[in-house]
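I have placed the structure first, in the form of structure tokens, so that the comments after it can refer back to it.
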Amino acid sequence: MFNSVAVRHLSRNGVRAVQNNAKNSLPRCCSLSTSALETEIDDEKEAVKSLTISKDKAGSPSPWAVFDAWGAGTDVLEPTAGFDETMLANKSVRIPMTNEEKATVPSETDILDAYDKLLASRSSVHFGYPYNLMYDHSELYSFMKYSINNLGDPFVPSNYSVHSREFECSVIDFFARLWKMEENSYWGYITTCGTEGNLHGILLARECHPDGILYTSQETHYSIFKAARYYRMQCESIPTLPMGEIDYEQLARSLDKNRDKPAIINVNIGTTVKGAVDNLDRILDILQFLEIPRERYHIHCDGALFALMMPFVEGGPELSFEKPIDSIAVSGHKMLGCPMPCGIALSRKEHVDKVEQRIDYLNSVDTTIMGSRNGQAALYMWYSLRKKGIEGIERDVRHCMDTAKYLRDKLKEAGVACRLNELSSTVVLERPMDDKFIKRWQLACQEDIAHVVVMPNVTTSKIDKFVAELSEIKKKYGSRKSVSLFSWI
């Protein structure tokens with residue numbers, strides 16, 4: 001039977017194993033040049049300087065690959081004086097049906113020029129959502145003229161030959177090695193986003209355990225609950241601790257109560273709002289303590305942002321398939337950076353056999369959520385990984401973690417209540433009283449809190465401006481008492 005005292009002490013001190021050999025186990029994707037070494041920044045807390053990679057020097061990029069195609073890492077870009085908002089009004093962008101109508105609307109060139117200025121301005125104050133805007137894929141622009149479609153299974157070519165499967169498989173191999181999967185033991189594919197990766201991971205879990213119960217924390221991304229609805233699964237939403245982790249004692253009680261059914265557990269590698277990481281080792285210890293055999297549980301890890309960062313966080317716990325987990329979903333457009341939403345779904349190979357179906361029309365097999373799949377995304381993710389390499393990703397992660405601490409400290413100096421989880425670059429703060437300020441900085445809000453997700457394009461100079469504006473808002477409108485923050489001890 002369940003013993004809360006025993007569970008409370010499970011793995012309390014044994015969950016901070018450093019993943020020392022994660023970086024050493026992978027080859028360097030690009031070599032260090034002398035000029036690149038000279039760009040090393042002595043003070044790591046300073047903003048990482050950007051480097052625009054032009055086509056002329058595309059063959060010898062910085063090994064850190066912190067490229068900036070249009071100025072995402074520069075200072076805040078205010079709307080220019082010449083920006084005409086009417087260019088993007090409904091009456092301007094409508095599609096004319098006749099030549100007479102076409103004569104009354106602005107040209108496509110003028111509309112797109114105005115749109116470009118608007119996006120540049122808005123992207124420079126992009127603080128609330130986890131997207132890395134520091135990238136330059138100009139070397140790939142010429143491939144946009146091709147209809148690249150990876151329809152079907154990544155490992156089973158179809159009759160449609162305009163694809164990027166070789167690049168997709170290379171990306172899958174990279175993540176399999178990063179998370180320590182043995183050769184020929186894994187399967188994966190490039191998804192449209194983290195949500196699709198979660199839908200696929202939970203689908204595999206449901207197929208392995210048709211009568212299983214899905215357990216996940218209340219602060220889980222909505223896509224997991226969406227999967228439960230889509231697949232008509234019984235789902236238990238477990239309360240969380242104040243910092244956002246799943247309540248381990250409540251999870252143990254629920255598992256103990258439902259011993260007659262298999263357990264499908266979603267482990268959050270960074271929750272949506274607070275960036276909290278569920279303690280995988282502690283969850284595994286609970287399963288062992290309750291004597292739930294391996295064939296009676298299935299673990300999916302939602303690592304949309306932080307699963308790619310975790311192997312490079314000093315002192316962070318190990319996330320790998322050497323532990324009894326079954327699948328991981330991660331986004332490609334978040335930490336890695338990509339102009340279109342994308343991601344990776346990775347799982348143990350034997351699970352995919354349960355959903356595989358032969359499709360004669362494709363001359364391939366159906367194993368993915370989508371049929372037609374964006375082959376451009378595979379190419380862009382491959383390019384980013386090759387240009388960045390292990391050193392570049394590590395550099396980006398270090399920038400995010402250090403700059404998040406800088407933001408936290410600046411907010412505290414300004415008298416703004418805030419919190420930062422140890423394993424996170426998401427700074428949670430009291431929700432500003434001015435909605436105009438929230439929309440300007442595109443803050444993600446939930447009840448009485450907001451958050452800033454520090455990504456490579458978030459610099460100390462932008463933070464200084466953000467905090468200065470927030471301080472003025474606080475003086476003008478005051479502040480709200482955040483119950484969520486003050487209970488976070």
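Note on naming: chains are A, B, ... as they come in the structure tokens, residues start from 1 per chain, ligands start from 1 in the order shown.
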Item to check | Residue contacts of range 327-339 of chain A (6 Å, only C-alpha atoms) excluding same-chain residues fewer than 4 positions away, as JSON, numbers by chain | outcome: {"A": [130, 131, 132, 193, 194, 197, 198, 201, 300, 301, 302, 303, 304, 305, 343, 344, 345, 346, 347]}
Could you dump the residues just selected with all heavy atoms as a short mmCIF file (atom, residue, chain, number, x, y, z; two decimals), in the first residue's frame?
```cif
data_model
loop_
_atom_site.label_atom_id
_atom_site.label_comp_id
_atom_site.auth_asym_id
_atom_site.auth_seq_id
_atom_site.Cartn_x
_atom_site.Cartn_y
_atom_site.Cartn_z
N PRO A 130 8.32 31.27 -26.28
CA PRO A 130 9.65 30.66 -26.41
C PRO A 130 10.08 30.41 -27.85
O PRO A 130 10.20 29.27 -28.30
CB PRO A 130 9.48 29.33 -25.65
CG PRO A 130 8.04 28.98 -25.87
CD PRO A 130 7.29 30.28 -25.87
N TYR A 131 10.35 31.49 -28.57
CA TYR A 131 10.82 31.35 -29.94
C TYR A 131 12.18 32.01 -30.07
O TYR A 131 12.36 33.18 -29.74
CB TYR A 131 9.85 32.01 -30.93
CG TYR A 131 8.43 31.50 -30.82
CD1 TYR A 131 7.35 32.36 -30.95
CD2 TYR A 131 8.17 30.15 -30.57
CE1 TYR A 131 6.04 31.90 -30.84
CE2 TYR A 131 6.88 29.69 -30.46
CZ TYR A 131 5.81 30.56 -30.60
OH TYR A 131 4.53 30.10 -30.49
N ASN A 132 13.15 31.26 -30.58
CA ASN A 132 14.47 31.81 -30.86
C ASN A 132 14.43 32.51 -32.22
O ASN A 132 14.28 31.86 -33.26
CB ASN A 132 15.51 30.68 -30.87
CG ASN A 132 16.91 31.18 -31.17
OD1 ASN A 132 17.15 32.38 -31.31
ND2 ASN A 132 17.86 30.27 -31.26
N CYS A 193 4.95 20.80 -35.13
CA CYS A 193 5.10 21.58 -33.90
C CYS A 193 5.17 20.60 -32.72
O CYS A 193 5.01 19.38 -32.90
CB CYS A 193 3.92 22.54 -33.71
SG CYS A 193 2.31 21.73 -33.62
N GLY A 194 5.38 21.15 -31.52
CA GLY A 194 5.43 20.31 -30.33
C GLY A 194 4.12 19.62 -30.04
O GLY A 194 4.09 18.50 -29.52
N GLY A 197 3.93 16.43 -31.86
CA GLY A 197 4.79 15.46 -31.19
C GLY A 197 4.12 14.85 -29.98
O GLY A 197 4.23 13.64 -29.72
N ASN A 198 3.41 15.68 -29.21
CA ASN A 198 2.67 15.16 -28.06
C ASN A 198 1.52 14.27 -28.48
O ASN A 198 1.26 13.22 -27.87
CB ASN A 198 2.15 16.32 -27.20
CG ASN A 198 3.25 16.97 -26.38
OD1 ASN A 198 4.26 16.35 -26.07
ND2 ASN A 198 3.06 18.23 -26.03
N GLY A 201 3.10 10.97 -29.45
CA GLY A 201 3.60 10.23 -28.28
C GLY A 201 2.48 9.61 -27.46
O GLY A 201 2.58 8.45 -27.03
N HIS A 300 5.88 9.37 -21.48
CA HIS A 300 6.12 10.34 -22.56
C HIS A 300 6.66 11.61 -21.93
O HIS A 300 6.18 12.05 -20.89
CB HIS A 300 4.83 10.65 -23.32
CG HIS A 300 4.97 11.80 -24.28
ND1 HIS A 300 5.69 11.69 -25.46
CD2 HIS A 300 4.51 13.09 -24.22
CE1 HIS A 300 5.65 12.85 -26.10
NE2 HIS A 300 4.95 13.72 -25.37
N CYS A 301 7.67 12.21 -22.55
CA CYS A 301 8.27 13.45 -22.05
C CYS A 301 7.94 14.60 -23.00
O CYS A 301 8.31 14.57 -24.18
CB CYS A 301 9.78 13.31 -21.92
SG CYS A 301 10.31 12.08 -20.72
N ASP A 302 7.22 15.59 -22.47
CA ASP A 302 6.93 16.80 -23.25
C ASP A 302 8.07 17.78 -23.00
O ASP A 302 8.12 18.44 -21.96
CB ASP A 302 5.59 17.40 -22.83
CG ASP A 302 5.28 18.69 -23.58
OD1 ASP A 302 6.02 19.01 -24.54
OD2 ASP A 302 4.32 19.39 -23.20
N GLY A 303 8.98 17.87 -23.96
CA GLY A 303 10.15 18.72 -23.80
C GLY A 303 10.21 19.84 -24.82
O GLY A 303 11.30 20.18 -25.31
N ALA A 304 9.07 20.42 -25.16
CA ALA A 304 8.96 21.38 -26.26
C ALA A 304 10.13 22.35 -26.33
O ALA A 304 10.77 22.50 -27.36
CB ALA A 304 7.65 22.14 -26.13
N LEU A 305 10.44 23.03 -25.23
CA LEU A 305 11.57 23.96 -25.20
C LEU A 305 12.79 23.36 -24.53
O LEU A 305 13.88 23.33 -25.08
CB LEU A 305 11.16 25.26 -24.46
CG LEU A 305 12.31 26.23 -24.13
CD1 LEU A 305 12.95 26.75 -25.41
CD2 LEU A 305 11.80 27.38 -23.27
N GLY A 343 9.09 20.47 -35.27
CA GLY A 343 9.52 19.78 -34.07
C GLY A 343 9.96 18.36 -34.38
O GLY A 343 10.04 17.96 -35.55
N ILE A 344 10.25 17.63 -33.33
CA ILE A 344 10.70 16.24 -33.45
C ILE A 344 9.87 15.35 -32.52
O ILE A 344 9.63 15.71 -31.37
CB ILE A 344 12.19 16.11 -33.06
CG1 ILE A 344 13.08 16.52 -34.22
CG2 ILE A 344 12.54 14.70 -32.66
CD1 ILE A 344 13.20 15.46 -35.30
N ALA A 345 9.42 14.24 -33.04
CA ALA A 345 8.83 13.18 -32.22
C ALA A 345 9.79 12.00 -32.27
O ALA A 345 10.15 11.53 -33.36
CB ALA A 345 7.46 12.78 -32.75
N LEU A 346 10.22 11.53 -31.11
CA LEU A 346 11.17 10.43 -31.04
C LEU A 346 10.64 9.38 -30.08
O LEU A 346 10.18 9.72 -28.98
CB LEU A 346 12.54 10.93 -30.58
CG LEU A 346 13.74 10.01 -30.78
CD1 LEU A 346 14.01 9.80 -32.27
CD2 LEU A 346 14.98 10.57 -30.10
N SER A 347 10.71 8.12 -30.49
CA SER A 347 10.16 7.05 -29.64
C SER A 347 10.94 5.76 -29.87
O SER A 347 11.75 5.64 -30.79
CB SER A 347 8.68 6.82 -29.96
OG SER A 347 8.53 6.34 -31.29
#
```
Checklist entry - How would you write, as number ranges by chain, the set of residues in range 103-166 of chain A that DSSP gives as helix (DSSP H, G or I)? => result A: 108-124, 138-145, 165-166
Checklist entry - Please, which residues of range 85-283 of chain A, numbered as in this document, come out strand (DSSP E or B) from DSSP, as a ChimeraX atom specification? => result /A:149,186-191,213-217,234-238,240,246,263-269,277
Selection file, N, CA, C and O atoms, as a tab-separated table (two decimals), in the first residue's frame:
```tsv
chain	number	residue	atom	x	y	z
A	149	ASN	N	8.11	17.56	-50.10
A	149	ASN	CA	7.08	16.90	-49.29
A	149	ASN	C	7.61	15.54	-48.82
A	149	ASN	O	7.96	14.68	-49.64
A	186	TYR	N	15.41	3.11	-32.37
A	186	TYR	CA	14.54	4.29	-32.31
A	186	TYR	C	13.85	4.55	-33.64
A	186	TYR	O	14.26	4.07	-34.70
A	187	TRP	N	12.82	5.35	-33.53
A	187	TRP	CA	12.08	5.83	-34.69
A	187	TRP	C	11.64	7.26	-34.38
A	187	TRP	O	11.40	7.60	-33.21
A	188	GLY	N	11.53	8.07	-35.40
A	188	GLY	CA	11.07	9.43	-35.17
A	188	GLY	C	10.72	10.12	-36.47
A	188	GLY	O	10.91	9.55	-37.57
A	189	TYR	N	10.22	11.33	-36.38
A	189	TYR	CA	9.95	12.13	-37.57
A	189	TYR	C	9.85	13.60	-37.21
A	189	TYR	O	9.71	13.95	-36.03
A	190	ILE	N	9.97	14.45	-38.21
A	190	ILE	CA	9.86	15.89	-37.99
A	190	ILE	C	8.40	16.29	-38.11
A	190	ILE	O	7.73	16.01	-39.10
A	191	THR	N	7.93	16.93	-37.06
A	191	THR	CA	6.52	17.28	-36.93
A	191	THR	C	6.29	18.74	-37.31
A	191	THR	O	7.23	19.50	-37.56
A	213	ILE	N	-4.48	4.70	-18.05
A	213	ILE	CA	-4.90	5.99	-17.54
A	213	ILE	C	-3.75	6.98	-17.75
A	213	ILE	O	-2.60	6.69	-17.42
A	214	LEU	N	-4.08	8.15	-18.31
A	214	LEU	CA	-3.08	9.18	-18.53
A	214	LEU	C	-2.96	10.06	-17.29
A	214	LEU	O	-3.95	10.63	-16.83
A	215	TYR	N	-1.76	10.18	-16.75
A	215	TYR	CA	-1.48	11.03	-15.60
A	215	TYR	C	-0.60	12.19	-16.05
A	215	TYR	O	0.44	11.98	-16.70
A	216	THR	N	-1.00	13.39	-15.70
A	216	THR	CA	-0.21	14.56	-16.04
A	216	THR	C	-0.55	15.69	-15.08
A	216	THR	O	-1.61	15.68	-14.46
A	217	SER	N	0.33	16.65	-14.94
A	217	SER	CA	0.10	17.71	-13.97
A	217	SER	C	-0.89	18.74	-14.50
A	217	SER	O	-1.11	18.87	-15.71
A	234	GLN	N	-9.01	8.04	-20.37
A	234	GLN	CA	-9.20	8.51	-19.00
A	234	GLN	C	-7.95	9.28	-18.59
A	234	GLN	O	-6.84	8.80	-18.75
A	235	CYS	N	-8.16	10.48	-18.06
A	235	CYS	CA	-7.02	11.34	-17.73
A	235	CYS	C	-7.17	11.88	-16.32
A	235	CYS	O	-8.24	12.38	-15.95
A	236	GLU	N	-6.13	11.76	-15.54
A	236	GLU	CA	-6.12	12.31	-14.19
A	236	GLU	C	-5.15	13.49	-14.15
A	236	GLU	O	-3.95	13.34	-14.40
A	237	SER	N	-5.70	14.66	-13.84
A	237	SER	CA	-4.91	15.87	-13.76
A	237	SER	C	-4.41	16.03	-12.32
A	237	SER	O	-5.18	16.25	-11.40
A	238	ILE	N	-3.11	15.92	-12.15
A	238	ILE	CA	-2.50	15.91	-10.82
A	238	ILE	C	-2.14	17.35	-10.39
A	238	ILE	O	-1.57	18.09	-11.19
A	240	THR	N	-0.16	20.52	-8.67
A	240	THR	CA	1.26	20.84	-8.75
A	240	THR	C	1.75	21.49	-7.46
A	240	THR	O	0.96	22.03	-6.68
A	246	ILE	N	4.95	18.64	-10.79
A	246	ILE	CA	3.86	17.76	-10.39
A	246	ILE	C	3.99	17.42	-8.90
A	246	ILE	O	5.11	17.34	-8.37
A	263	ALA	N	-0.39	2.55	-16.37
A	263	ALA	CA	-0.14	3.98	-16.15
A	263	ALA	C	0.57	4.57	-17.37
A	263	ALA	O	1.61	4.08	-17.80
A	264	ILE	N	-0.02	5.64	-17.91
A	264	ILE	CA	0.61	6.43	-18.96
A	264	ILE	C	0.93	7.78	-18.34
A	264	ILE	O	0.02	8.52	-17.96
A	265	ILE	N	2.19	8.11	-18.21
A	265	ILE	CA	2.60	9.30	-17.48
A	265	ILE	C	3.26	10.29	-18.42
A	265	ILE	O	4.20	9.96	-19.14
A	266	ASN	N	2.73	11.52	-18.42
A	266	ASN	CA	3.39	12.60	-19.15
A	266	ASN	C	4.30	13.35	-18.19
A	266	ASN	O	3.85	13.84	-17.15
A	267	VAL	N	5.57	13.42	-18.52
A	267	VAL	CA	6.56	14.13	-17.71
A	267	VAL	C	6.91	15.44	-18.41
A	267	VAL	O	7.35	15.44	-19.57
A	268	ASN	N	6.70	16.55	-17.72
A	268	ASN	CA	6.98	17.86	-18.31
A	268	ASN	C	8.45	18.23	-18.13
A	268	ASN	O	8.94	18.32	-17.02
A	269	ILE	N	9.12	18.44	-19.25
A	269	ILE	CA	10.49	18.94	-19.21
A	269	ILE	C	10.40	20.45	-19.47
A	269	ILE	O	10.82	20.96	-20.51
A	277	VAL	N	10.34	21.75	-14.31
A	277	VAL	CA	10.73	20.44	-14.82
A	277	VAL	C	10.31	19.36	-13.82
A	277	VAL	O	10.76	19.37	-12.66
```
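Distances here use only C-alpha atoms; by that measure, the residue among A:Phe321, A:Arg358, A:Arg206, A:Asp113 closest to Tyr297 in chain A is A:Arg206.
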Would you list the contacts of range 260-262 of chain A as a PDB file with N, CA and C atoms, in the first residue's frame, taking every protein, DNA or RNA residue within 9 Å and counting only C-alpha atoms, but skipping same-chain residues closer than 5 positions in sequence?
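Wrote it out as result08.pdb, contents follow:
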```pdb
ATOM      1  N   HIS A 209      -1.189   0.616 -24.508  1.00  0.00           N
ATOM      2  CA  HIS A 209      -2.009   0.355 -23.313  1.00  0.00           C
ATOM      3  C   HIS A 209      -3.416   0.918 -23.544  1.00  0.00           C
ATOM      4  N   PRO A 210      -4.254   0.198 -24.302  1.00  0.00           N
ATOM      5  CA  PRO A 210      -5.584   0.714 -24.662  1.00  0.00           C
ATOM      6  C   PRO A 210      -6.445   1.085 -23.464  1.00  0.00           C
ATOM      7  N   ASP A 211      -6.251   0.427 -22.328  1.00  0.00           N
ATOM      8  CA  ASP A 211      -7.057   0.732 -21.145  1.00  0.00           C
ATOM      9  C   ASP A 211      -6.258   1.536 -20.112  1.00  0.00           C
ATOM     10  N   GLY A 212      -5.142   2.115 -20.539  1.00  0.00           N
ATOM     11  CA  GLY A 212      -4.303   2.859 -19.608  1.00  0.00           C
ATOM     12  C   GLY A 212      -4.912   4.184 -19.195  1.00  0.00           C
ATOM     13  N   ILE A 213      -4.482   4.695 -18.048  1.00  0.00           N
ATOM     14  CA  ILE A 213      -4.902   5.993 -17.544  1.00  0.00           C
ATOM     15  C   ILE A 213      -3.750   6.980 -17.746  1.00  0.00           C
ATOM     16  N   LEU A 214      -4.078   8.147 -18.310  1.00  0.00           N
ATOM     17  CA  LEU A 214      -3.077   9.175 -18.535  1.00  0.00           C
ATOM     18  C   LEU A 214      -2.961  10.058 -17.293  1.00  0.00           C
ATOM     19  N   ILE A 292       5.245  -1.300  -9.670  1.00  0.00           N
ATOM     20  CA  ILE A 292       4.550  -1.331 -10.956  1.00  0.00           C
ATOM     21  C   ILE A 292       5.558  -1.784 -12.007  1.00  0.00           C
ATOM     22  N   GLU A 295       6.272  -3.305 -17.922  1.00  0.00           N
ATOM     23  CA  GLU A 295       5.262  -3.520 -18.964  1.00  0.00           C
ATOM     24  C   GLU A 295       3.911  -2.910 -18.620  1.00  0.00           C
ATOM     25  N   ARG A 296       3.800  -2.337 -17.416  1.00  0.00           N
ATOM     26  CA  ARG A 296       2.527  -1.745 -16.987  1.00  0.00           C
ATOM     27  C   ARG A 296       2.572  -0.218 -16.942  1.00  0.00           C
ATOM     28  N   TYR A 297       3.661   0.375 -17.440  1.00  0.00           N
ATOM     29  CA  TYR A 297       3.664   1.837 -17.510  1.00  0.00           C
ATOM     30  C   TYR A 297       4.379   2.315 -18.766  1.00  0.00           C
ATOM     31  N   HIS A 298       4.021   3.525 -19.158  1.00  0.00           N
ATOM     32  CA  HIS A 298       4.526   4.130 -20.389  1.00  0.00           C
ATOM     33  C   HIS A 298       4.782   5.599 -20.083  1.00  0.00           C
TER      34      HIS A 298
END
```
Checklist entry - Which of these, A:Glu183, A:Glu101, A:Asp366, A:Asp396, has the shortest distance to Leu151 in chain A once you count only C-alpha atoms? => result A:Asp366
Item to check | Polymer residues at most 9 Å from Glu207 in chain A, only C-alpha atoms, same-chain spacing of 4 or more positions, as a list in words | outcome: Ile202, Leu203, His351, Lys354 and Val355 of chain A
Since we have the selection now, will you write its residues out, keeping all heavy atoms, as a compact mmCIF listing (two decimals), in the first residue's frame?
```txt
# COMPACT_ATOMS: atom_id res chain seq x y z
N ILE A 202 1.41 10.37 -27.24
CA ILE A 202 0.28 9.84 -26.46
C ILE A 202 -0.49 8.80 -27.26
O ILE A 202 -1.03 7.84 -26.70
CB ILE A 202 -0.65 10.99 -26.01
CG1 ILE A 202 0.13 11.98 -25.12
CG2 ILE A 202 -1.84 10.44 -25.23
CD1 ILE A 202 0.77 11.37 -23.90
N LEU A 203 -0.53 8.95 -28.59
CA LEU A 203 -1.17 7.92 -29.43
C LEU A 203 -0.44 6.59 -29.28
O LEU A 203 -1.08 5.54 -29.12
CB LEU A 203 -1.17 8.37 -30.89
CG LEU A 203 -1.68 7.33 -31.90
CD1 LEU A 203 -3.14 7.00 -31.65
CD2 LEU A 203 -1.48 7.83 -33.33
N HIS A 351 7.34 0.51 -30.51
CA HIS A 351 6.00 1.09 -30.30
C HIS A 351 5.34 1.47 -31.62
O HIS A 351 4.10 1.42 -31.75
CB HIS A 351 6.09 2.31 -29.39
CG HIS A 351 6.62 2.00 -28.01
ND1 HIS A 351 6.44 0.79 -27.40
CD2 HIS A 351 7.29 2.79 -27.13
CE1 HIS A 351 7.01 0.82 -26.21
NE2 HIS A 351 7.52 2.01 -26.01
N LYS A 354 2.87 -0.70 -33.80
CA LYS A 354 1.45 -0.84 -33.44
C LYS A 354 0.55 0.11 -34.22
O LYS A 354 -0.68 -0.07 -34.26
CB LYS A 354 1.27 -0.60 -31.93
CG LYS A 354 2.00 -1.61 -31.06
CD LYS A 354 1.77 -1.35 -29.59
CE LYS A 354 2.56 -2.32 -28.72
NZ LYS A 354 2.17 -3.73 -28.96
N VAL A 355 1.13 1.14 -34.86
CA VAL A 355 0.31 2.08 -35.63
C VAL A 355 0.61 2.03 -37.13
O VAL A 355 -0.06 2.68 -37.92
CB VAL A 355 0.52 3.53 -35.12
CG1 VAL A 355 0.09 3.66 -33.67
CG2 VAL A 355 1.96 3.99 -35.29
```
Next on the checklist: I'd like the neighbourhood of Gly375 in chain A as number ranges by chain, where a residue qualifies if any of its atoms comes within 12 Å (using only C-alpha atoms), though same-chain residues fewer than 6 positions away should be ignored.
Outcome noted: A: 143-144, 146-152, 154, 160-169, 189-192, 340, 342, 381-382
Residues from the last selection, N, CA, C and O atoms, saved as a CSV table (one decimal), in the first residue's frame:
```csv
chain,number,residue,atom,x,y,z
A,143,PHE,N,15.8,27.0,-52.2
A,143,PHE,CA,15.0,25.8,-52.1
A,143,PHE,C,13.5,26.0,-52.0
A,143,PHE,O,12.7,25.1,-52.1
A,144,MET,N,13.1,27.3,-51.7
A,144,MET,CA,11.7,27.5,-51.5
A,144,MET,C,10.9,27.4,-52.8
A,144,MET,O,9.7,27.3,-52.8
A,146,TYR,N,10.9,24.8,-54.6
A,146,TYR,CA,10.6,23.4,-54.7
A,146,TYR,C,9.5,23.0,-53.7
A,146,TYR,O,9.4,23.4,-52.6
A,147,SER,N,8.6,22.1,-54.2
A,147,SER,CA,7.5,21.6,-53.3
A,147,SER,C,8.1,20.3,-52.7
A,147,SER,O,7.8,19.2,-53.1
A,148,ILE,N,8.8,20.5,-51.6
A,148,ILE,CA,9.4,19.4,-50.9
A,148,ILE,C,8.5,18.8,-49.9
A,148,ILE,O,8.0,19.5,-48.9
A,149,ASN,N,8.1,17.6,-50.1
A,149,ASN,CA,7.1,16.9,-49.3
A,149,ASN,C,7.6,15.5,-48.8
A,149,ASN,O,8.0,14.7,-49.6
A,150,ASN,N,7.7,15.4,-47.5
A,150,ASN,CA,8.2,14.1,-47.0
A,150,ASN,C,7.0,13.2,-46.6
A,150,ASN,O,7.0,12.5,-45.5
A,151,LEU,N,6.0,13.1,-47.4
A,151,LEU,CA,4.9,12.3,-47.1
A,151,LEU,C,5.2,10.8,-46.9
A,151,LEU,O,6.1,10.3,-47.5
A,152,GLY,N,4.5,10.2,-45.9
A,152,GLY,CA,4.8,8.9,-45.5
A,152,GLY,C,5.9,8.8,-44.4
A,152,GLY,O,6.2,9.8,-43.8
A,154,PRO,N,9.5,8.5,-42.6
A,154,PRO,CA,10.8,9.1,-42.9
A,154,PRO,C,11.8,8.0,-43.5
A,154,PRO,O,12.7,8.3,-44.3
A,160,TYR,N,6.9,9.6,-54.4
A,160,TYR,CA,7.2,11.1,-54.6
A,160,TYR,C,8.6,11.4,-54.2
A,160,TYR,O,9.1,11.2,-53.1
A,161,SER,N,9.4,11.8,-55.2
A,161,SER,CA,10.8,11.8,-55.1
A,161,SER,C,11.4,13.2,-54.7
A,161,SER,O,12.6,13.4,-54.5
A,162,VAL,N,10.5,14.2,-54.7
A,162,VAL,CA,11.0,15.6,-54.3
A,162,VAL,C,10.8,15.7,-52.8
A,162,VAL,O,9.8,16.2,-52.2
A,163,HIS,N,11.8,15.1,-52.0
A,163,HIS,CA,11.7,15.1,-50.6
A,163,HIS,C,13.0,15.5,-49.9
A,163,HIS,O,14.0,15.7,-50.7
A,164,SER,N,13.0,15.5,-48.6
A,164,SER,CA,14.3,15.8,-47.9
A,164,SER,C,14.5,14.7,-46.8
A,164,SER,O,14.9,15.1,-45.7
A,165,ARG,N,14.2,13.5,-47.1
A,165,ARG,CA,14.3,12.4,-46.1
A,165,ARG,C,15.7,12.3,-45.6
A,165,ARG,O,15.9,11.9,-44.4
A,166,GLU,N,16.7,12.5,-46.4
A,166,GLU,CA,18.0,12.3,-46.0
A,166,GLU,C,18.4,13.3,-44.9
A,166,GLU,O,19.1,13.0,-43.9
A,167,PHE,N,17.8,14.5,-45.0
A,167,PHE,CA,18.1,15.5,-44.0
A,167,PHE,C,17.2,15.2,-42.8
A,167,PHE,O,17.7,15.4,-41.6
A,168,GLU,N,16.0,14.8,-43.0
A,168,GLU,CA,15.1,14.4,-41.8
A,168,GLU,C,15.7,13.3,-41.0
A,168,GLU,O,15.8,13.4,-39.8
A,169,CYS,N,16.2,12.3,-41.7
A,169,CYS,CA,16.8,11.2,-40.9
A,169,CYS,C,18.1,11.6,-40.2
A,169,CYS,O,18.4,11.1,-39.1
A,189,TYR,N,10.2,11.3,-36.4
A,189,TYR,CA,10.0,12.1,-37.6
A,189,TYR,C,9.9,13.6,-37.2
A,189,TYR,O,9.7,14.0,-36.0
A,190,ILE,N,10.0,14.4,-38.2
A,190,ILE,CA,9.9,15.9,-38.0
A,190,ILE,C,8.4,16.3,-38.1
A,190,ILE,O,7.7,16.0,-39.1
A,191,THR,N,7.9,16.9,-37.1
A,191,THR,CA,6.5,17.3,-36.9
A,191,THR,C,6.3,18.7,-37.3
A,191,THR,O,7.2,19.5,-37.6
A,192,THR,N,5.0,19.1,-37.3
A,192,THR,CA,4.7,20.5,-37.6
A,192,THR,C,4.9,21.4,-36.3
A,192,THR,O,5.0,22.6,-36.5
A,340,MET,N,9.6,28.6,-39.5
A,340,MET,CA,8.3,27.9,-39.5
A,340,MET,C,8.2,27.0,-38.3
A,340,MET,O,9.2,26.4,-37.9
A,342,CYS,N,7.9,23.8,-36.2
A,342,CYS,CA,8.3,22.4,-36.5
A,342,CYS,C,8.8,21.8,-35.2
A,342,CYS,O,8.8,22.4,-34.2
A,381,MET,N,15.9,22.6,-40.1
A,381,MET,CA,16.4,22.1,-38.9
A,381,MET,C,17.8,21.5,-39.0
A,381,MET,O,18.7,21.7,-38.2
A,382,TRP,N,18.0,20.7,-40.1
A,382,TRP,CA,19.3,20.2,-40.4
A,382,TRP,C,20.3,21.3,-40.5
A,382,TRP,O,21.4,21.2,-40.0
```
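For the atom pair formed by CA of Arg395 in chain A and CA of Glu413 in chain A, the distance is 27.0 Å, given to one decimal.
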